[in-house]
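Here's target.tsv, which has TSV, C-alpha atoms:
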chain	number	residue	atom	x	y	z
Z	1	MET	CA	0.00	0.00	0.00
Z	2	SER	CA	1.17	3.51	-0.79
Z	3	TYR	CA	2.46	5.25	2.35
Z	4	PHE	CA	1.17	8.68	1.34
Z	5	ALA	CA	-2.18	7.54	-0.13
Z	6	ASP	CA	-4.12	8.59	2.98
Z	7	LYS	CA	-1.82	11.48	3.87
Z	8	GLN	CA	-2.63	14.00	1.16
Z	9	PRO	CA	-3.00	16.95	3.58
Z	10	LEU	CA	0.51	16.20	4.86
Z	11	VAL	CA	1.88	15.99	1.33
Z	12	ALA	CA	0.18	19.26	0.40
Z	13	ASP	CA	1.62	20.94	3.49
Z	14	ILE	CA	5.15	19.79	2.65
Z	15	PHE	CA	4.91	20.96	-0.96
Z	16	SER	CA	3.46	24.31	0.13
Z	17	ARG	CA	6.83	25.15	1.74
Z	18	TYR	CA	8.55	25.28	-1.65
Z	19	PRO	CA	8.04	27.10	-4.98
Z	20	ASP	CA	5.39	25.64	-7.27
Z	21	SER	CA	7.86	24.46	-9.88
Z	22	PRO	CA	9.64	21.21	-10.82
Z	23	GLN	CA	12.68	22.37	-8.82
Z	24	GLY	CA	10.43	23.24	-5.89
Z	25	ARG	CA	8.86	19.79	-5.88
Z	26	ARG	CA	12.30	18.19	-5.83
Z	27	SER	CA	13.15	20.33	-2.79
Z	28	ALA	CA	10.51	18.35	-0.87
Z	29	LEU	CA	12.61	15.18	-1.11
Z	30	MET	CA	14.19	15.46	2.32
Z	31	PRO	CA	11.05	16.07	4.42
Z	32	LEU	CA	9.25	13.26	2.56
Z	33	ILE	CA	12.17	10.88	3.23
Z	34	ARG	CA	12.17	11.90	6.90
Z	35	GLU	CA	8.43	11.35	7.18
Z	36	VAL	CA	8.71	7.76	5.93
Z	37	GLN	CA	11.79	6.97	8.00
Z	38	ASP	CA	10.27	8.36	11.21
Z	39	ALA	CA	7.25	6.11	10.68
Z	40	GLU	CA	8.89	2.92	9.39
Z	41	GLY	CA	12.51	3.14	10.56
Z	42	PHE	CA	14.01	3.08	7.07
Z	43	VAL	CA	13.10	3.80	3.43
Z	44	ASN	CA	12.77	0.71	1.24
Z	45	GLY	CA	12.69	0.49	-2.55
Z	46	THR	CA	8.92	0.83	-2.79
Z	47	ARG	CA	8.98	4.02	-0.74
Z	48	LEU	CA	11.87	5.37	-2.84
Z	49	ASP	CA	9.73	4.93	-5.96
Z	50	GLU	CA	6.76	6.59	-4.27
Z	51	ILE	CA	8.75	9.63	-3.12
Z	52	ALA	CA	10.34	9.93	-6.57
Z	53	ALA	CA	6.91	9.93	-8.24
Z	54	LEU	CA	5.62	12.62	-5.88
Z	55	CYS	CA	8.63	14.83	-6.56
Z	56	GLY	CA	8.77	14.25	-10.29
Z	57	THR	CA	12.20	12.66	-10.22
Z	58	THR	CA	13.77	9.18	-10.19
Z	59	ALA	CA	14.35	6.67	-7.41
Z	60	THR	CA	18.06	6.93	-8.27
Z	61	GLU	CA	18.07	10.62	-7.36
Z	62	VAL	CA	16.20	9.94	-4.12
Z	63	ARG	CA	18.74	7.27	-3.21
Z	64	SER	CA	21.56	9.65	-4.13
Z	65	VAL	CA	20.23	12.28	-1.73
Z	66	MET	CA	19.88	9.67	1.01
Z	67	SER	CA	23.41	8.35	0.51
Z	68	PHE	CA	24.87	11.80	1.18
Z	69	TYR	CA	23.46	11.90	4.72
Z	70	SER	CA	24.24	9.21	7.28
Z	71	THR	CA	20.99	10.03	9.07
Z	72	TYR	CA	18.94	8.31	6.32
Z	73	HIS	CA	18.64	4.53	6.12
Z	74	THR	CA	17.70	2.19	3.30
Z	75	LEU	CA	18.03	-0.87	5.55
Z	76	PRO	CA	16.20	-1.67	8.81
Z	77	THR	CA	17.83	-0.43	12.00
Z	78	GLY	CA	17.56	-1.72	15.54
Z	79	ARG	CA	15.53	-0.19	18.34
Z	80	TYR	CA	18.80	1.43	19.41
Z	81	HIS	CA	20.86	2.64	16.47
Z	82	LEU	CA	24.37	3.35	17.78
Z	83	GLN	CA	26.31	5.88	15.71
Z	84	VAL	CA	30.00	6.32	16.43
Z	85	CYS	CA	31.81	9.42	15.19
Z	86	SER	CA	34.82	8.20	13.22
Z	87	THR	CA	36.53	11.41	12.14
Z	88	VAL	CA	40.09	12.33	13.13
Z	89	MET	CA	39.46	13.98	16.50
Z	90	CYS	CA	37.35	11.10	17.81
Z	91	SER	CA	39.69	8.53	16.28
Z	92	LEU	CA	42.66	10.03	18.10
Z	93	ALA	CA	40.66	9.95	21.33
Z	94	GLY	CA	39.70	6.28	21.02
Z	95	SER	CA	36.65	5.95	18.76
Z	96	ASP	CA	38.25	3.04	16.86
Z	97	GLU	CA	38.52	1.09	20.10
Z	98	LEU	CA	34.95	2.09	21.01
Z	99	TRP	CA	33.73	0.83	17.62
Z	100	ASP	CA	35.59	-2.47	17.97
Z	101	HIS	CA	34.12	-2.95	21.44
Z	102	LEU	CA	30.57	-2.37	20.16
Z	103	VAL	CA	30.71	-4.71	17.18
Z	104	GLU	CA	32.42	-7.45	19.20
Z	105	THR	CA	30.16	-7.15	22.22
Z	106	LEU	CA	26.93	-6.91	20.22
Z	107	ASP	CA	28.08	-9.28	17.43
Z	108	VAL	CA	26.61	-7.01	14.79
Z	109	GLN	CA	28.07	-5.31	11.72
Z	110	PRO	CA	26.90	-2.23	9.74
Z	111	GLY	CA	23.71	-3.01	7.85
Z	112	GLU	CA	22.76	-5.76	10.33
Z	113	VAL	CA	20.34	-5.83	13.25
Z	114	SER	CA	21.05	-7.94	16.32
Z	115	PRO	CA	18.86	-11.09	16.59
Z	116	ASP	CA	16.82	-9.55	19.42
Z	117	GLY	CA	16.05	-6.51	17.27
Z	118	ARG	CA	17.65	-4.11	19.72
Z	119	PHE	CA	20.90	-2.99	18.14
Z	120	SER	CA	22.39	-1.72	14.91
Z	121	VAL	CA	25.66	0.17	14.49
Z	122	GLN	CA	27.04	2.74	12.08
Z	123	LYS	CA	30.17	4.84	11.66
Z	124	VAL	CA	29.28	8.46	10.89
Z	125	GLU	CA	31.08	11.65	10.00
Z	126	CYS	CA	31.73	14.48	12.47
Z	127	LEU	CA	28.85	15.05	14.89
Z	128	GLY	CA	30.28	18.35	16.13
Z	129	SER	CA	31.25	17.25	19.64
Z	130	CYS	CA	35.02	17.14	19.20
Z	131	GLY	CA	35.67	18.45	22.70
Z	132	THR	CA	34.13	15.34	24.26
Z	133	ALA	CA	35.59	12.62	22.03
Z	134	PRO	CA	35.08	9.74	21.72
Z	135	MET	CA	31.34	10.04	21.51
Z	136	MET	CA	28.32	8.36	20.01
Z	137	GLN	CA	24.69	9.11	19.29
Z	138	ILE	CA	21.77	6.76	19.93
Z	139	ASN	CA	18.97	7.18	17.41
Z	140	ASP	CA	18.25	10.92	17.11
Z	141	ASP	CA	18.04	11.41	20.86
Z	142	GLY	CA	21.29	13.07	21.84
Z	143	TYR	CA	25.02	12.68	22.42
Z	144	TYR	CA	26.82	10.31	24.76
Z	145	GLU	CA	30.19	11.93	25.37
Z	146	SER	CA	33.65	10.86	26.58
Z	147	VAL	CA	32.59	7.23	26.21
Z	148	THR	CA	35.17	5.14	28.02
Z	149	PRO	CA	34.99	1.32	27.96
Z	150	SER	CA	33.32	1.29	31.39
Z	151	LYS	CA	30.82	3.96	30.37
Z	152	CYS	CA	30.05	2.04	27.17
Z	153	ALA	CA	29.44	-1.11	29.24
Z	154	ARG	CA	26.98	0.76	31.47
Z	155	ILE	CA	25.12	2.16	28.47
Z	156	LEU	CA	24.82	-1.25	26.82
Z	157	GLU	CA	23.68	-2.86	30.08
Z	158	SER	CA	20.87	-0.30	30.34
Z	159	LEU	CA	19.88	-0.74	26.69
Z	160	HIS	CA	19.69	-4.51	27.10
Z	161	ALA	CA	17.12	-3.80	29.81
Z	162	ASP	CA	15.35	-1.31	27.49
Z	163	LEU	CA	16.24	1.53	29.84
Z	164	GLN	CA	17.93	4.08	27.61
Z	165	PRO	CA	20.13	6.42	29.68
Z	166	LEU	CA	19.61	10.14	29.29
Z	167	PRO	CA	22.16	11.61	26.85
Z	168	ASP	CA	24.95	13.83	28.12
Z	169	ASN	CA	23.94	16.51	25.67
Z	170	PRO	CA	20.80	17.12	23.64
Z	171	VAL	CA	20.86	17.68	19.90
Z	172	PRO	CA	21.84	20.17	18.61
Z	173	VAL	CA	24.92	20.70	20.78
Z	174	THR	CA	24.82	24.03	22.63
Z	175	VAL	CA	27.55	26.56	21.81
Z	176	ASN	CA	27.93	29.73	23.89
Z	177	ALA	CA	28.75	33.26	22.72
Z	178	GLU	CA	32.47	32.56	23.04
Z	179	GLY	CA	32.19	29.66	20.61
Z	180	ARG	CA	32.75	27.03	23.33
Z	181	GLN	CA	30.72	23.83	23.54
Z	182	VAL	CA	28.48	23.71	26.61
Z	183	LEU	CA	27.71	20.38	28.28
Z	184	ALA	CA	24.36	19.54	29.80
Z	185	ASN	CA	25.78	20.34	33.27
Z	186	GLY	CA	26.68	23.86	32.14
Z	187	GLU	CA	30.42	23.26	31.84
Z	188	ALA	CA	32.04	25.03	28.88
Z	189	ILE	CA	34.79	23.05	27.18
Z	190	GLY	CA	37.17	23.58	24.29
Z	191	ALA	CA	38.91	26.79	23.23
Z	192	SER	CA	37.07	30.07	22.75
Z	193	ILE	CA	37.14	32.00	19.48
Z	194	THR	CA	39.38	34.57	21.18
Z	195	GLY	CA	41.70	31.88	22.48
Z	196	LEU	CA	42.06	30.32	19.05
Z	197	SER	CA	42.77	33.69	17.45
Z	198	GLN	CA	45.65	34.23	19.88
Z	199	LEU	CA	47.46	31.04	18.92
Z	200	PRO	CA	50.83	31.66	17.23
Z	201	PRO	CA	50.75	31.36	13.44
Z	202	ILE	CA	51.87	28.13	11.84
Z	203	HIS	CA	54.71	28.66	9.40
Z	204	GLY	CA	55.61	26.26	6.65
Z	205	GLY	CA	59.08	24.81	6.35
Z	206	GLU	CA	61.75	26.64	4.48
Z	207	ALA	CA	62.14	25.85	0.82
Final structure tokens representation of the file:
Amino acid sequence: MSYFADKQPLVADIFSRYPDSPQGRRSALMPLIREVQDAEGFVNGTRLDEIAALCGTTATEVRSVMSFYSTYHTLPTGRYHLQVCSTVMCSLAGSDELWDHLVETLDVQPGEVSPDGRFSVQKVECLGSCGTAPMMQINDDGYYESVTPSKCARILESLHADLQPLPDNPVPVTVNAEGRQVLANGEAIGASITGLSQLPPIHGGEA
């Protein structure tokens, strides 16, 4: 059955946000993708075709848009989708070890769901919490920061009991007027814009 067949007011509302033109209809791709994913957990081939038809484009273009953003999924995810930041700052702080611990402990690989339906894992690009690396995000609910092996074990123990811990920081991450990241407890971390501007210049080597 078509997902949007009985949701025409919703479709009309989404399209009303954009110009009434072919380009405007294509601009509605992302909110339509998000609507399906929020309801069904991922966007399968049938839904790709449906969204493409609504926007006057192809399923290939819809899939191309989805592939650019790690937040979209074309495969089922678990009840708790664990996303580990894998960029340089987190990697230097231990995200590779965090990732290895997750996949070994949960016995699940990217694109898979654990047999009990609880867990799926994914490496993602920078989540903008470099000052608290290594970190991970569970679903779209918030950031779990400075995740040591013992902290990871506590989080997983709670998730196995279907008691998701409160995140350390909501999404989006709060940044104060000085440009410093602010944790949920009010602590400001990282360098300020002024502090960074006062760093000595970096000079290249002599030719």
- Item | Which of Z:Leu106, Z:Val65, Z:Ile138, Z:Val36 sits closest to Z:Val84 [using all atoms listed in the file] |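 Comparing Z:Leu106, Z:Val65, Z:Ile138, Z:Val36 against Z:Val84, the winner is Z:Ile138.
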- Give the answer as one residue: which of Z:Leu75, Z:Leu163, Z:Ile189, Z:Leu54 has the shortest atom-to-atom distance to Z:Val121, using all atoms listed in the file?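 Once distances to Z:Val121 are computed over all atoms listed in the file, the minimum belongs to Z:Leu75.
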Exercise: Z:Pro31 partners within 10 Å, all atoms listed in the file, chain neighbours under 5 positions left out, as an mmCIF file with C-alpha atoms, in the frame of the given file:
data_model
loop_
_atom_site.group_PDB
_atom_site.id
_atom_site.type_symbol
_atom_site.label_atom_id
_atom_site.label_comp_id
_atom_site.auth_asym_id
_atom_site.auth_seq_id
_atom_site.Cartn_x
_atom_site.Cartn_y
_atom_site.Cartn_z
ATOM 1 C CA VAL Z 11 1.880 15.990 1.330
ATOM 2 C CA ILE Z 14 5.150 19.790 2.650
ATOM 3 C CA PHE Z 15 4.910 20.960 -0.960
ATOM 4 C CA VAL Z 36 8.710 7.760 5.930
ATOM 5 C CA GLN Z 37 11.790 6.970 8.000
#
- Message: Rounded to one decimal, what separation in Å do you get between atom CA of Z:Asn44 and atom CA of Z:Tyr69?
- Response: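 Here the two named atoms are 15.9 Å from each other.
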- Provide the atom CA of Z:Asn139 to atom CA of Z:Ile155 distance in Å, to one decimal place. 13.6 Å
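Look at Z:Leu102: the protein and nucleic acid residues within 9 Å of it, using all atoms listed in the file and passing over chain neighbours fewer than 6 places away, are Leu82, Val108, Val121, Cys152 and Leu156 of chain Z.
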- Message: Between atom CA of Z:Arg79 and atom CA of Z:Val113, what is the distance in Å, rounded to a tenth?
- Response: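 So the answer is 9.0 Å.
When only C-alpha atoms are used to compute distances to Z:Leu127, the closest of the residues Z:Ile33, Z:Met89, Z:Val43, Z:Val182 turns out to be Z:Met89.
Distances from Z:His81, Z:Lys151, Z:Arg180, Z:Arg47 to Z:Gly111 were compared using only C-alpha atoms, and the smallest one belongs to Z:His81.
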- Query: Restricting the calculation to only C-alpha atoms, which member of Z:Val124, Z:Val171, Z:Leu32, Z:Ala161 is positioned closest to Z:Phe68?
  - Reply: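 For Z:Phe68, the nearest of the candidates is Z:Val124.
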- Query: If we count only C-alpha atoms, what is near stretch 184-188 of chain Z at a cut-off of 12 Å, once residues fewer than 4 positions away on the same chain are taken out, given as number ranges by chain?
  - Reply: Z: 131-132, 142-145, 166-180, 192
- Query: Which of these residues is nearest to Z:His73, using all atoms listed in the file: Z:Asp141, Z:Asp116, Z:Asp6, Z:Asp38?
  - Reply: Z:Asp38
- Message: List as an MDAnalysis selection string the protein and nucleic acid residues near Z:Asp162, meaning an atom at most 12 Å away when all atoms listed in the file are counted, but skip any in the same chain fewer than 2 places from it.
- Response: chainID Z and resid 79:80 116:119 155:160 164:165
